$ cat start21.csv   # CSV, C-alpha atoms
chain,number,residue,atom,x,y,z
A,806,MET,CA,0.0,0.0,0.0
A,807,LYS,CA,1.4,3.4,-1.0
A,808,LYS,CA,2.0,5.7,1.9
A,809,GLN,CA,0.1,9.0,1.5
A,810,GLU,CA,2.6,11.8,0.8
A,811,PHE,CA,2.4,14.9,3.2
A,812,LYS,CA,1.7,18.2,1.5
A,813,ALA,CA,1.6,21.5,3.4
A,814,SER,CA,-1.9,23.0,2.9
A,815,GLY,CA,-2.8,24.9,6.0
A,816,GLN,CA,-2.2,28.6,6.8
A,817,ILE,CA,0.5,28.0,9.5
A,818,GLN,CA,2.0,25.2,7.3
A,819,MET,CA,2.4,27.7,4.5
A,820,ILE,CA,4.1,30.3,6.8
A,821,ALA,CA,6.3,27.6,8.2
A,822,LYS,CA,7.3,26.4,4.7
A,823,SER,CA,8.3,29.9,3.6
A,824,LEU,CA,10.2,30.6,6.8
A,825,VAL,CA,12.1,27.3,6.6
A,826,THR,CA,13.0,28.3,3.0
A,827,VAL,CA,14.3,31.7,4.2
A,828,CYS,CA,16.3,30.1,7.0
A,829,GLY,CA,17.8,27.7,4.5
A,830,ILE,CA,18.9,30.6,2.3
A,831,TYR,CA,20.4,32.4,5.2
A,832,ILE,CA,22.3,29.3,6.4
A,833,ALA,CA,23.5,28.6,2.8
A,834,LEU,CA,24.9,32.2,2.7
A,835,ILE,CA,26.7,31.6,6.0
A,836,VAL,CA,28.3,28.4,4.6
A,837,ILE,CA,29.3,30.2,1.4
A,838,GLY,CA,30.8,32.9,3.6
A,839,TYR,CA,33.3,30.4,4.9
A,840,TRP,CA,34.7,30.0,1.4
A,841,ARG,CA,36.6,33.2,1.9
A,842,ILE,CA,38.5,31.5,4.7
A,843,GLY,CA,39.1,28.2,3.0
A,844,PRO,CA,40.9,29.1,-0.3
A,845,THR,CA,43.3,31.6,1.3
A,846,ALA,CA,45.7,28.9,2.2
A,847,ILE,CA,45.6,27.2,-1.2
A,848,SER,CA,49.2,28.2,-1.9
A,849,SER,CA,50.4,26.7,1.4
A,850,GLN,CA,51.4,23.1,2.0
A,851,THR,CA,48.0,22.2,3.3
A,852,LYS,CA,46.4,21.8,-0.2
A,853,MET,CA,44.9,18.4,0.5
A,854,PHE,CA,43.4,19.7,3.7
A,855,ASN,CA,41.8,22.6,1.9
A,856,VAL,CA,40.3,20.2,-0.7
A,857,PHE,CA,38.8,18.2,2.1
A,858,PHE,CA,37.5,21.4,3.8
A,859,ILE,CA,35.9,22.7,0.6
A,860,SER,CA,34.3,19.2,0.0
A,861,ILE,CA,32.8,19.3,3.5
A,862,GLN,CA,31.4,22.8,2.8
A,863,LEU,CA,29.9,21.7,-0.5
A,864,LEU,CA,28.4,18.7,1.1
A,865,VAL,CA,26.8,20.9,3.9
A,866,LEU,CA,25.6,23.4,1.3
A,867,GLY,CA,24.0,20.6,-0.7
A,868,ILE,CA,22.3,19.2,2.3
A,869,VAL,CA,20.9,22.6,3.3
A,870,VAL,CA,19.7,23.4,-0.2
A,871,VAL,CA,18.0,20.0,-0.8
A,872,PHE,CA,16.5,19.5,2.7
A,873,MET,CA,15.6,23.1,3.6
A,874,ILE,CA,15.0,25.0,0.4
A,875,VAL,CA,14.0,22.5,-2.4
A,876,ASN,CA,12.3,19.7,-0.5
A,877,ASN,CA,11.3,20.9,3.0
A,878,ASP,CA,7.9,19.3,3.4
A,879,TRP,CA,9.4,16.6,5.7
A,880,LEU,CA,10.4,19.3,8.2
A,881,ILE,CA,7.0,21.0,8.0
A,882,LYS,CA,5.4,17.7,8.7
A,883,LYS,CA,7.5,17.5,11.9
A,884,ILE,CA,6.7,21.1,12.9
A,885,VAL,CA,3.0,21.4,12.1
A,886,LEU,CA,1.5,18.0,11.3
A,887,ASN,CA,-2.3,18.5,11.7
A,888,GLU,CA,-3.9,21.6,10.4
A,889,GLU,CA,-7.1,22.4,8.6
A,890,PRO,CA,-6.5,22.9,4.9
A,891,ILE,CA,-7.4,26.3,3.4
A,892,PRO,CA,-8.5,26.9,-0.2
A,893,ALA,CA,-5.8,26.6,-2.8
A,894,GLU,CA,-6.0,30.3,-3.8
A,895,ASN,CA,-5.4,31.4,-0.1
A,896,GLN,CA,-2.6,28.8,0.2
A,897,LYS,CA,-0.8,30.5,-2.6
A,898,LYS,CA,-1.4,34.0,-1.2
A,899,TRP,CA,-0.1,33.0,2.3
A,900,PHE,CA,2.9,31.3,0.7
A,901,VAL,CA,3.8,34.3,-1.6
A,902,SER,CA,3.4,36.9,1.1
A,903,SER,CA,5.2,35.1,3.9
A,904,LEU,CA,8.1,34.1,1.6
A,905,ARG,CA,8.5,37.6,0.2
A,906,ILE,CA,8.3,39.1,3.7
A,907,GLY,CA,10.8,36.6,5.0
A,908,LEU,CA,13.2,37.3,2.1
A,909,VAL,CA,13.0,41.0,2.7
A,910,LEU,CA,13.8,40.5,6.4
A,911,CYS,CA,16.7,38.3,5.4
A,912,GLY,CA,18.0,41.0,3.1
A,913,LEU,CA,17.7,43.8,5.7
A,914,MET,CA,19.4,41.6,8.3
A,915,LEU,CA,22.2,40.9,5.9
A,916,LEU,CA,22.5,44.6,5.0
A,917,ALA,CA,22.8,45.5,8.7
A,918,GLY,CA,25.2,42.6,9.4
A,919,SER,CA,27.5,43.2,6.5
A,920,ALA,CA,27.4,47.0,5.8
A,921,GLU,CA,31.2,46.5,5.2
A,922,SER,CA,30.4,44.7,2.0
A,923,LEU,CA,28.6,47.8,0.7
A,924,VAL,CA,31.6,50.0,1.4
A,925,TYR,CA,34.1,47.4,-0.1
A,926,THR,CA,31.9,47.1,-3.2
A,927,ALA,CA,31.7,50.9,-3.6
A,928,LYS,CA,35.5,50.9,-3.3
A,929,ILE,CA,35.9,48.1,-5.8
A,930,ILE,CA,33.7,49.9,-8.4
A,931,VAL,CA,35.4,53.2,-7.9
A,932,GLY,CA,38.9,51.7,-8.0
A,933,LEU,CA,38.1,49.1,-10.8
A,934,PRO,CA,40.3,50.8,-13.5
A,935,ILE,CA,43.3,51.0,-11.1
A,936,TRP,CA,42.8,47.5,-9.8
A,937,GLY,CA,42.4,46.1,-13.4
A,938,ARG,CA,45.6,47.8,-14.5
A,939,LYS,CA,47.5,46.3,-11.5
A,940,LEU,CA,46.0,42.9,-12.2
A,941,PHE,CA,47.1,43.1,-15.9
A,942,ALA,CA,50.7,44.2,-14.8
A,943,ASP,CA,50.9,41.4,-12.2
A,944,ILE,CA,49.9,38.7,-14.7
A,945,PHE,CA,52.0,39.8,-17.7
A,946,TYR,CA,55.1,41.3,-16.1
A,947,ASP,CA,55.4,39.3,-12.8
A,948,GLY,CA,53.5,36.2,-13.9
A,949,ARG,CA,51.5,35.9,-10.7
A,950,PHE,CA,47.8,36.2,-9.9
A,951,ASP,CA,46.4,37.3,-6.6
A,952,TRP,CA,43.6,34.8,-6.2
A,953,SER,CA,42.7,35.7,-2.6
A,954,GLN,CA,42.1,39.4,-3.6
A,955,LEU,CA,40.0,38.4,-6.5
A,956,LEU,CA,37.9,36.0,-4.4
A,957,LYS,CA,37.5,38.6,-1.7
A,958,ASN,CA,36.3,41.2,-4.1
A,959,SER,CA,34.0,38.9,-6.0
A,960,PHE,CA,32.5,37.7,-2.7
A,961,ASN,CA,31.8,41.3,-1.6
A,962,VAL,CA,30.2,42.2,-5.0
A,963,PHE,CA,28.1,39.0,-5.0
A,964,LYS,CA,27.0,39.7,-1.4
A,965,THR,CA,26.0,43.3,-2.2
A,966,ALA,CA,24.1,42.2,-5.3
A,967,LEU,CA,22.3,39.5,-3.3
A,968,ILE,CA,21.4,41.9,-0.5
A,969,ALA,CA,19.9,44.3,-3.1
A,970,TYR,CA,18.0,41.5,-4.7
A,971,LEU,CA,16.6,40.2,-1.4
A,972,ILE,CA,15.5,43.7,-0.3
A,973,ILE,CA,13.5,44.2,-3.5
A,974,GLY,CA,11.7,41.0,-2.6
A,975,ALA,CA,13.5,38.5,-4.9
A,976,PRO,CA,10.5,38.4,-7.3
A,977,GLN,CA,11.8,35.8,-9.7
A,978,PHE,CA,12.8,33.5,-6.9
A,979,VAL,CA,9.4,33.9,-5.2
A,980,ARG,CA,7.6,33.2,-8.5
A,981,TRP,CA,9.7,30.2,-9.2
A,982,GLN,CA,9.3,28.8,-5.8
A,983,THR,CA,5.5,29.3,-5.8
A,984,LYS,CA,5.2,27.8,-9.2
A,985,ARG,CA,7.3,24.8,-8.2
A,986,THR,CA,5.5,24.2,-4.9
A,987,PHE,CA,2.0,24.3,-6.4
A,988,THR,CA,2.8,22.5,-9.6
A,989,GLN,CA,4.4,19.8,-7.6
A,990,GLY,CA,1.2,19.6,-5.5
A,991,VAL,CA,-1.0,19.2,-8.6
A,992,GLU,CA,1.3,16.5,-10.0
A,993,ASN,CA,1.2,14.6,-6.8
A,994,GLU,CA,-2.5,14.6,-6.7
B,813,MET,CA,-4.7,24.6,20.7
B,814,ASN,CA,-5.6,27.9,19.0
B,815,LYS,CA,-4.1,29.5,15.9
B,816,MET,CA,-1.7,31.8,17.8
B,817,HIS,CA,-0.4,28.9,19.9
B,818,THR,CA,0.3,26.9,16.7
B,819,LEU,CA,2.0,29.9,15.2
B,820,ALA,CA,4.2,30.5,18.3
B,821,LYS,CA,5.1,26.9,18.4
B,822,THR,CA,6.0,26.9,14.7
B,823,LEU,CA,8.2,30.1,15.0
B,824,ILE,CA,10.0,28.7,18.1
B,825,THR,CA,10.6,25.4,16.3
B,826,ILE,CA,11.9,27.1,13.1
B,827,ALA,CA,14.2,29.4,15.2
B,828,ALA,CA,15.5,26.5,17.2
B,829,VAL,CA,16.0,24.4,14.0
B,830,TYR,CA,17.9,27.3,12.5
B,831,TRP,CA,20.2,27.6,15.5
B,832,LEU,CA,20.6,23.9,15.6
B,833,VAL,CA,21.7,23.7,11.9
B,834,LEU,CA,24.0,26.7,12.4
B,835,LEU,CA,25.6,25.2,15.5
B,836,ALA,CA,26.1,21.8,13.8
B,837,ILE,CA,27.7,23.5,10.9
B,838,GLN,CA,29.9,25.6,13.2
B,839,ILE,CA,31.0,22.6,15.1
B,840,VAL,CA,32.2,20.9,11.9
B,841,ILE,CA,33.4,23.8,9.8
B,842,TYR,CA,34.9,26.3,12.3
B,843,PRO,CA,37.7,24.0,13.6
B,844,LEU,CA,38.4,23.0,10.0
B,845,ALA,CA,38.6,26.7,9.0
B,846,MET,CA,41.0,27.4,11.9
B,847,LEU,CA,43.2,24.5,10.8
B,848,SER,CA,43.2,25.6,7.2
B,849,TYR,CA,44.4,29.0,8.3
B,850,GLY,CA,47.4,27.1,9.7
B,851,TYR,CA,46.6,27.5,13.4
B,852,GLY,CA,47.7,24.1,14.5
B,853,GLY,CA,49.7,25.0,17.6
B,854,ARG,CA,49.0,23.8,21.2
B,855,GLY,CA,47.2,26.9,22.1
B,856,SER,CA,44.9,26.6,19.1
B,857,TRP,CA,43.9,23.0,20.0
B,858,GLY,CA,43.0,24.3,23.5
B,859,GLY,CA,40.9,27.1,21.9
B,860,ILE,CA,39.1,24.6,19.7
B,861,PHE,CA,38.4,22.4,22.7
B,862,VAL,CA,36.9,25.3,24.7
B,863,PHE,CA,35.0,26.4,21.5
B,864,MET,CA,33.6,22.8,21.1
B,865,ILE,CA,32.5,22.6,24.8
B,866,VAL,CA,30.7,26.0,24.6
B,867,GLN,CA,29.0,25.0,21.3
B,868,ILE,CA,27.9,21.7,22.7
B,869,VAL,CA,26.4,23.4,25.8
B,870,ILE,CA,24.5,25.8,23.5
B,871,LEU,CA,23.4,22.9,21.4
B,872,LEU,CA,21.9,21.1,24.4
B,873,VAL,CA,20.0,24.3,25.4
B,874,VAL,CA,18.6,24.6,21.9
B,875,LEU,CA,17.6,20.9,22.0
B,876,GLN,CA,15.8,21.5,25.3
B,877,VAL,CA,13.9,24.4,23.6
B,878,ILE,CA,12.8,22.1,20.8
B,879,TYR,CA,11.8,19.4,23.3
B,880,LYS,CA,9.8,21.9,25.5
B,881,ARG,CA,8.4,24.0,22.7
B,882,ASN,CA,4.8,23.4,23.8
B,883,LYS,CA,5.4,24.8,27.3
B,884,ILE,CA,7.3,27.8,25.9
B,885,ALA,CA,4.4,28.5,23.4
B,886,ASP,CA,1.9,28.2,26.3
B,887,LYS,CA,3.9,30.8,28.3
B,888,ILE,CA,4.1,33.2,25.3
B,889,VAL,CA,0.4,33.0,24.2
B,890,GLY,CA,-1.3,32.4,27.6
B,891,ILE,CA,-4.8,31.0,27.7
B,892,GLU,CA,-6.5,33.9,25.8
B,893,GLU,CA,-8.2,32.8,22.6
B,894,THR,CA,-7.2,35.1,19.8
B,895,ALA,CA,-9.2,35.5,16.7
B,896,SER,CA,-7.5,34.2,13.5
B,897,PRO,CA,-6.6,36.8,10.9
B,898,GLN,CA,-9.4,37.3,8.5
B,899,SER,CA,-7.3,38.1,5.5
B,900,GLN,CA,-3.6,37.9,4.8
B,901,VAL,CA,-3.8,41.1,2.8
B,902,GLU,CA,-4.5,43.1,6.0
B,903,TRP,CA,-1.4,41.5,7.5
B,904,ILE,CA,1.1,42.4,4.8
B,905,GLY,CA,1.6,46.1,5.7
B,906,PHE,CA,1.8,45.2,9.4
B,907,SER,CA,4.3,42.4,8.7
B,908,TYR,CA,6.5,44.7,6.6
B,909,ARG,CA,6.5,47.4,9.3
B,910,LEU,CA,7.3,44.8,11.9
B,911,ILE,CA,10.3,43.5,10.0
B,912,SER,CA,11.4,47.0,9.3
B,913,VAL,CA,11.4,47.8,13.0
B,914,ILE,CA,13.3,44.5,13.8
B,915,ALA,CA,15.9,45.3,11.1
B,916,GLY,CA,16.2,48.9,12.4
B,917,LEU,CA,16.9,47.6,15.9
B,918,TYR,CA,19.5,45.3,14.5
B,919,CYS,CA,21.1,48.2,12.6
B,920,PHE,CA,21.4,50.1,15.9
B,921,TYR,CA,22.9,47.0,17.6
B,922,ARG,CA,25.5,46.7,14.8
B,923,ALA,CA,26.2,50.5,14.8
B,924,ALA,CA,27.0,50.3,18.5
B,925,GLY,CA,29.6,47.6,17.7
B,926,VAL,CA,31.1,49.6,14.8
B,927,VAL,CA,31.3,52.8,17.0
B,928,GLY,CA,33.3,50.8,19.5
B,929,MET,CA,35.7,49.7,16.7
B,930,LEU,CA,35.9,53.4,15.6
B,931,ILE,CA,36.8,54.5,19.0
B,932,PHE,CA,39.5,51.8,19.2
B,933,ASP,CA,40.8,52.9,15.7
B,934,PHE,CA,41.1,56.5,16.9
B,935,TRP,CA,42.8,55.5,20.1
B,936,ARG,CA,45.3,53.2,18.2
B,937,HIS,CA,45.9,55.9,15.6
B,938,LYS,CA,46.6,58.4,18.4
B,939,MET,CA,48.9,56.1,20.3
B,940,ALA,CA,50.9,54.6,17.4
B,941,ASN,CA,50.3,57.1,14.6
B,942,SER,CA,49.8,54.2,12.2
B,943,GLY,CA,49.5,56.1,9.0
B,944,MET,CA,47.5,55.6,5.8
B,945,ALA,CA,46.1,52.1,6.5
B,946,ALA,CA,44.6,53.3,9.9
B,947,ASP,CA,43.1,56.4,8.2
B,948,SER,CA,41.4,54.2,5.6
B,949,GLN,CA,40.0,52.0,8.3
B,950,ILE,CA,38.7,55.0,10.3
B,951,TYR,CA,37.1,56.3,7.1
B,952,SER,CA,35.5,52.9,6.4
B,953,HIS,CA,34.1,52.6,9.9
B,954,CYS,CA,32.8,56.2,9.7
B,955,VAL,CA,30.9,55.4,6.5
B,956,ILE,CA,29.6,52.1,7.9
B,957,THR,CA,28.4,53.9,11.1
B,958,VAL,CA,26.6,56.6,9.0
B,959,ILE,CA,24.9,53.9,6.8
B,960,LEU,CA,23.8,51.9,9.8
B,961,LEU,CA,22.5,54.9,11.7
B,962,THR,CA,20.7,56.4,8.8
B,963,GLY,CA,19.2,53.1,7.7
B,964,GLY,CA,18.4,52.3,11.4
B,965,VAL,CA,16.5,55.5,11.9
B,966,TYR,CA,14.5,55.1,8.7
B,967,LEU,CA,13.7,51.5,9.4
B,968,LEU,CA,12.7,52.2,13.1
B,969,CYS,CA,10.3,54.8,11.8
B,970,GLY,CA,8.5,52.0,10.0
B,971,ALA,CA,10.1,52.8,6.6
B,972,PRO,CA,6.8,54.2,5.2
B,973,HIS,CA,7.9,54.5,1.5
B,974,PHE,CA,9.6,51.1,1.5
B,975,VAL,CA,6.6,49.4,3.1
B,976,ARG,CA,4.1,51.0,0.7
B,977,TRP,CA,6.2,50.0,-2.3
B,978,GLN,CA,6.6,46.4,-0.9
B,979,VAL,CA,2.8,46.1,-0.2
B,980,LYS,CA,2.0,47.3,-3.8
B,981,LYS,CA,4.5,44.8,-5.3
B,982,THR,CA,3.3,41.9,-3.1
B,983,LYS,CA,-0.3,42.5,-4.2
B,984,GLU,CA,0.9,42.6,-7.9
B,985,MET,CA,2.6,39.3,-7.2
B,986,PHE,CA,-0.6,37.8,-5.9
B,987,MET,CA,-2.2,38.6,-9.3
B,988,ASP,CA,0.9,37.2,-11.2
B,989,CYS,CA,0.9,34.0,-9.2
B,990,GLY,CA,-2.9,33.6,-9.3
B,991,LYS,CA,-2.8,33.4,-13.1
$ encode --input "start21.csv" --output "structure tokens"
Amino acid sequence: MKKQEFKASGQIQMIAKSLVTVCGIYIALIVIGYWRIGPTAISSQTKMFNVFFISIQLLVLGIVVVFMIVNNDWLIKKIVLNEEPIPAENQKKWFVSSLRIGLVLCGLMLLAGSAESLVYTAKIIVGLPIWGRKLFADIFYDGRFDWSQLLKNSFNVFKTALIAYLIIGAPQFVRWQTKRTFTQGVENE
Amino acid sequence: MNKMHTLAKTLITIAAVYWLVLLAIQIVIYPLAMLSYGYGGRGSWGGIFVFMIVQIVILLVVLQVIYKRNKIADKIVGIEETASPQSQVEWIGFSYRLISVIAGLYCFYRAAGVVGMLIFDFWRHKMANSGMAADSQIYSHCVITVILLTGGVYLLCGAPHFVRWQVKKTKEMFMDCGK
């Protein structure tokens, strides 16, 4: 006999589902943040150790993305098992609004927590021609490439772009997640 | 069990699960990160040991919170029966204002930390006259403080323009997703 698959359909379940997704995104960003630490020692003698470290990070990131963002119904089942279902249209509205609000909060918290990234990104953009010239000279005349600086700068630019995207409500992500959640539900039925 | 009780229980569980995952990640990744930096000395191992003990104690506290979530939710909500929200649309503006105030408070908390660093920078600069690098750091910390204080004040006031814009966009998204 096939076991009936759990599907979030109540009001609190919808809020819980979107909040778990937001938590997953926040945790994934924290794990990605450790990448700045890992590759700095690539040129040292501990290369193997770094490969192991990055593999662990990727594994953790994969687990968080799969079990907290992509497929989080198992967790919702543990948090709120029994709840009266609400009409499908309202389910969608609760999910969209709570996910969007959660993502905006996530963006604002990230902004407050890493205002340094904003300053660094502004510095990078202003000093891009000088930095580019230095990079060109380093590669062609000295034959070396400053990976750690490039990684640091890229991470700061990425973080700032992500903060801006989250603060505007991550519209594409919310649409994609809503479409995925509710299409999946229809397919399962 | 009323709606507010369920909501409180859900929020407590989500917050606890969030801390649990973060702690678990920290316990695995932080020592590895320390070692990849090349901190492998005797003192570092002692530090890692103390770190692990503290993390495990916090982990146990969080596990207790998950285990006793019903009691905690009871204490938060009390016995009063609260009416369930009639429509989520009425809640959107309120929720955005609420998160703005929370983020504003966090901005002030962060600004307090940065001001501390700024004072330390000034003191160090005065004592050691550390030159261009210290000037740049002071400048960066000043800019960060201004950003955090300005943003914090705006968010604490409820960020009216931002909230109105977000409510409008969320309603538009309802229509988009309803199609």
$ atom_distance --input "start21.csv" --atom1 "atom CA of B:Ser912" --atom2 "atom CA of B:Ala885"
24.3 Å
$ interface_residues --input "start21.csv" --of "chain A" --to "chain B" --cutoff "7 Å" --atoms "all atoms listed in the file" --output "PyMOL selection string"
chain A and resi 817+821+825+828+832+842-843+846+854-855+858+884-885+898-899+902+906+910+913-914+917-918+920-921+924+980
$ atom_distance --input "start21.csv" --atom1 "atom CA of B:Ile878" --atom2 "atom CA of B:Leu832"
9.5 Å
$ atom_distance --input "start21.csv" --atom1 "atom CA of B:Thr962" --atom2 "atom CA of A:Gly932"
25.2 Å
$ closest_residue --input "start21.csv" --among "A:Gly867, A:Gly974, A:Pro934, A:Pro890" --to "A:Arg905" --atoms "all atoms listed in the file"
A:Gly974
$ residues_around --input "start21.csv" --residues "B:Gly970" --least-positions-apart "4" --cutoff "7 Å" --atoms "all atoms listed in the file" --output "CSV table (one decimal) with C-alpha atoms, keeping the file's coordinate frame"
chain,number,residue,atom,x,y,z
B,909,ARG,CA,6.5,47.4,9.3
B,912,SER,CA,11.4,47.0,9.3
B,913,VAL,CA,11.4,47.8,13.0
B,966,TYR,CA,14.5,55.1,8.7
$ closest_residue --input "start21.csv" --among "B:Ala828, B:Cys954, B:Val869, B:Val975" --to "B:Asp933" --atoms "only C-alpha atoms"
B:Cys954
$ residues_around --input "start21.csv" --residues "stretch 951-966 of chain A" --least-positions-apart "6" --cutoff "12 Å" --atoms "all atoms listed in the file" --output "PyMOL selection string"
chain A and resi 831+834-835+837-848+912-913+915-930+932-933+936-937+939-944+972-973+975
$ write_last_selection --input "start21.csv" --atoms "C-alpha atoms" --output "CSV table (one decimal), in the frame of the given file"
chain,number,residue,atom,x,y,z
A,831,TYR,CA,20.4,32.4,5.2
A,834,LEU,CA,24.9,32.2,2.7
A,835,ILE,CA,26.7,31.6,6.0
A,837,ILE,CA,29.3,30.2,1.4
A,838,GLY,CA,30.8,32.9,3.6
A,839,TYR,CA,33.3,30.4,4.9
A,840,TRP,CA,34.7,30.0,1.4
A,841,ARG,CA,36.6,33.2,1.9
A,842,ILE,CA,38.5,31.5,4.7
A,843,GLY,CA,39.1,28.2,3.0
A,844,PRO,CA,40.9,29.1,-0.3
A,845,THR,CA,43.3,31.6,1.3
A,846,ALA,CA,45.7,28.9,2.2
A,847,ILE,CA,45.6,27.2,-1.2
A,848,SER,CA,49.2,28.2,-1.9
A,912,GLY,CA,18.0,41.0,3.1
A,913,LEU,CA,17.7,43.8,5.7
A,915,LEU,CA,22.2,40.9,5.9
A,916,LEU,CA,22.5,44.6,5.0
A,917,ALA,CA,22.8,45.5,8.7
A,918,GLY,CA,25.2,42.6,9.4
A,919,SER,CA,27.5,43.2,6.5
A,920,ALA,CA,27.4,47.0,5.8
A,921,GLU,CA,31.2,46.5,5.2
A,922,SER,CA,30.4,44.7,2.0
A,923,LEU,CA,28.6,47.8,0.7
A,924,VAL,CA,31.6,50.0,1.4
A,925,TYR,CA,34.1,47.4,-0.1
A,926,THR,CA,31.9,47.1,-3.2
A,927,ALA,CA,31.7,50.9,-3.6
A,928,LYS,CA,35.5,50.9,-3.3
A,929,ILE,CA,35.9,48.1,-5.8
A,930,ILE,CA,33.7,49.9,-8.4
A,932,GLY,CA,38.9,51.7,-8.0
A,933,LEU,CA,38.1,49.1,-10.8
A,936,TRP,CA,42.8,47.5,-9.8
A,937,GLY,CA,42.4,46.1,-13.4
A,939,LYS,CA,47.5,46.3,-11.5
A,940,LEU,CA,46.0,42.9,-12.2
A,941,PHE,CA,47.1,43.1,-15.9
A,942,ALA,CA,50.7,44.2,-14.8
A,943,ASP,CA,50.9,41.4,-12.2
A,944,ILE,CA,49.9,38.7,-14.7
A,972,ILE,CA,15.5,43.7,-0.3
A,973,ILE,CA,13.5,44.2,-3.5
A,975,ALA,CA,13.5,38.5,-4.9
$ closest_residue --input "start21.csv" --among "A:Val875, A:Arg938, A:Leu904, A:Lys882" --to "A:Arg985" --atoms "only C-alpha atoms"
A:Val875
$ build_atoms --input "start21.csv" --residues "stretch 979-990 of chain A" --atoms "N, CA and C atoms" --output "PDB file, keeping the file's coordinate frame"
ATOM      1  N   VAL A 979      10.676  34.127  -5.794  1.00  0.00           N
ATOM      2  CA  VAL A 979       9.400  33.900  -5.200  1.00  0.00           C
ATOM      3  C   VAL A 979       8.421  33.225  -6.204  1.00  0.00           C
ATOM      4  N   ARG A 980       8.418  33.774  -7.434  1.00  0.00           N
ATOM      5  CA  ARG A 980       7.600  33.200  -8.500  1.00  0.00           C
ATOM      6  C   ARG A 980       7.924  31.777  -8.788  1.00  0.00           C
ATOM      7  N   TRP A 981       9.237  31.539  -8.907  1.00  0.00           N
ATOM      8  CA  TRP A 981       9.700  30.200  -9.200  1.00  0.00           C
ATOM      9  C   TRP A 981       9.363  29.206  -8.141  1.00  0.00           C
ATOM     10  N   GLN A 982       9.589  29.631  -6.894  1.00  0.00           N
ATOM     11  CA  GLN A 982       9.300  28.800  -5.800  1.00  0.00           C
ATOM     12  C   GLN A 982       7.829  28.466  -5.637  1.00  0.00           C
ATOM     13  N   THR A 983       6.982  29.487  -5.876  1.00  0.00           N
ATOM     14  CA  THR A 983       5.500  29.300  -5.800  1.00  0.00           C
ATOM     15  C   THR A 983       5.065  28.342  -6.897  1.00  0.00           C
ATOM     16  N   LYS A 984       5.568  28.598  -8.094  1.00  0.00           N
ATOM     17  CA  LYS A 984       5.200  27.800  -9.200  1.00  0.00           C
ATOM     18  C   LYS A 984       5.586  26.308  -8.972  1.00  0.00           C
ATOM     19  N   ARG A 985       6.812  26.143  -8.471  1.00  0.00           N
ATOM     20  CA  ARG A 985       7.300  24.800  -8.200  1.00  0.00           C
ATOM     21  C   ARG A 985       6.520  24.092  -7.126  1.00  0.00           C
ATOM     22  N   THR A 986       6.256  24.820  -6.045  1.00  0.00           N
ATOM     23  CA  THR A 986       5.500  24.200  -4.900  1.00  0.00           C
ATOM     24  C   THR A 986       4.124  23.788  -5.337  1.00  0.00           C
ATOM     25  N   PHE A 987       3.424  24.670  -6.051  1.00  0.00           N
ATOM     26  CA  PHE A 987       2.000  24.300  -6.400  1.00  0.00           C
ATOM     27  C   PHE A 987       1.893  23.430  -7.576  1.00  0.00           C
ATOM     28  N   THR A 988       2.829  23.472  -8.509  1.00  0.00           N
ATOM     29  CA  THR A 988       2.800  22.500  -9.600  1.00  0.00           C
ATOM     30  C   THR A 988       3.069  21.131  -9.125  1.00  0.00           C
ATOM     31  N   GLN A 989       4.057  21.053  -8.198  1.00  0.00           N
ATOM     32  CA  GLN A 989       4.400  19.800  -7.600  1.00  0.00           C
ATOM     33  C   GLN A 989       3.191  19.152  -6.904  1.00  0.00           C
ATOM     34  N   GLY A 990       2.439  20.032  -6.208  1.00  0.00           N
ATOM     35  CA  GLY A 990       1.200  19.600  -5.500  1.00  0.00           C
ATOM     36  C   GLY A 990       0.219  18.984  -6.447  1.00  0.00           C
TER      37      GLY A 990
END
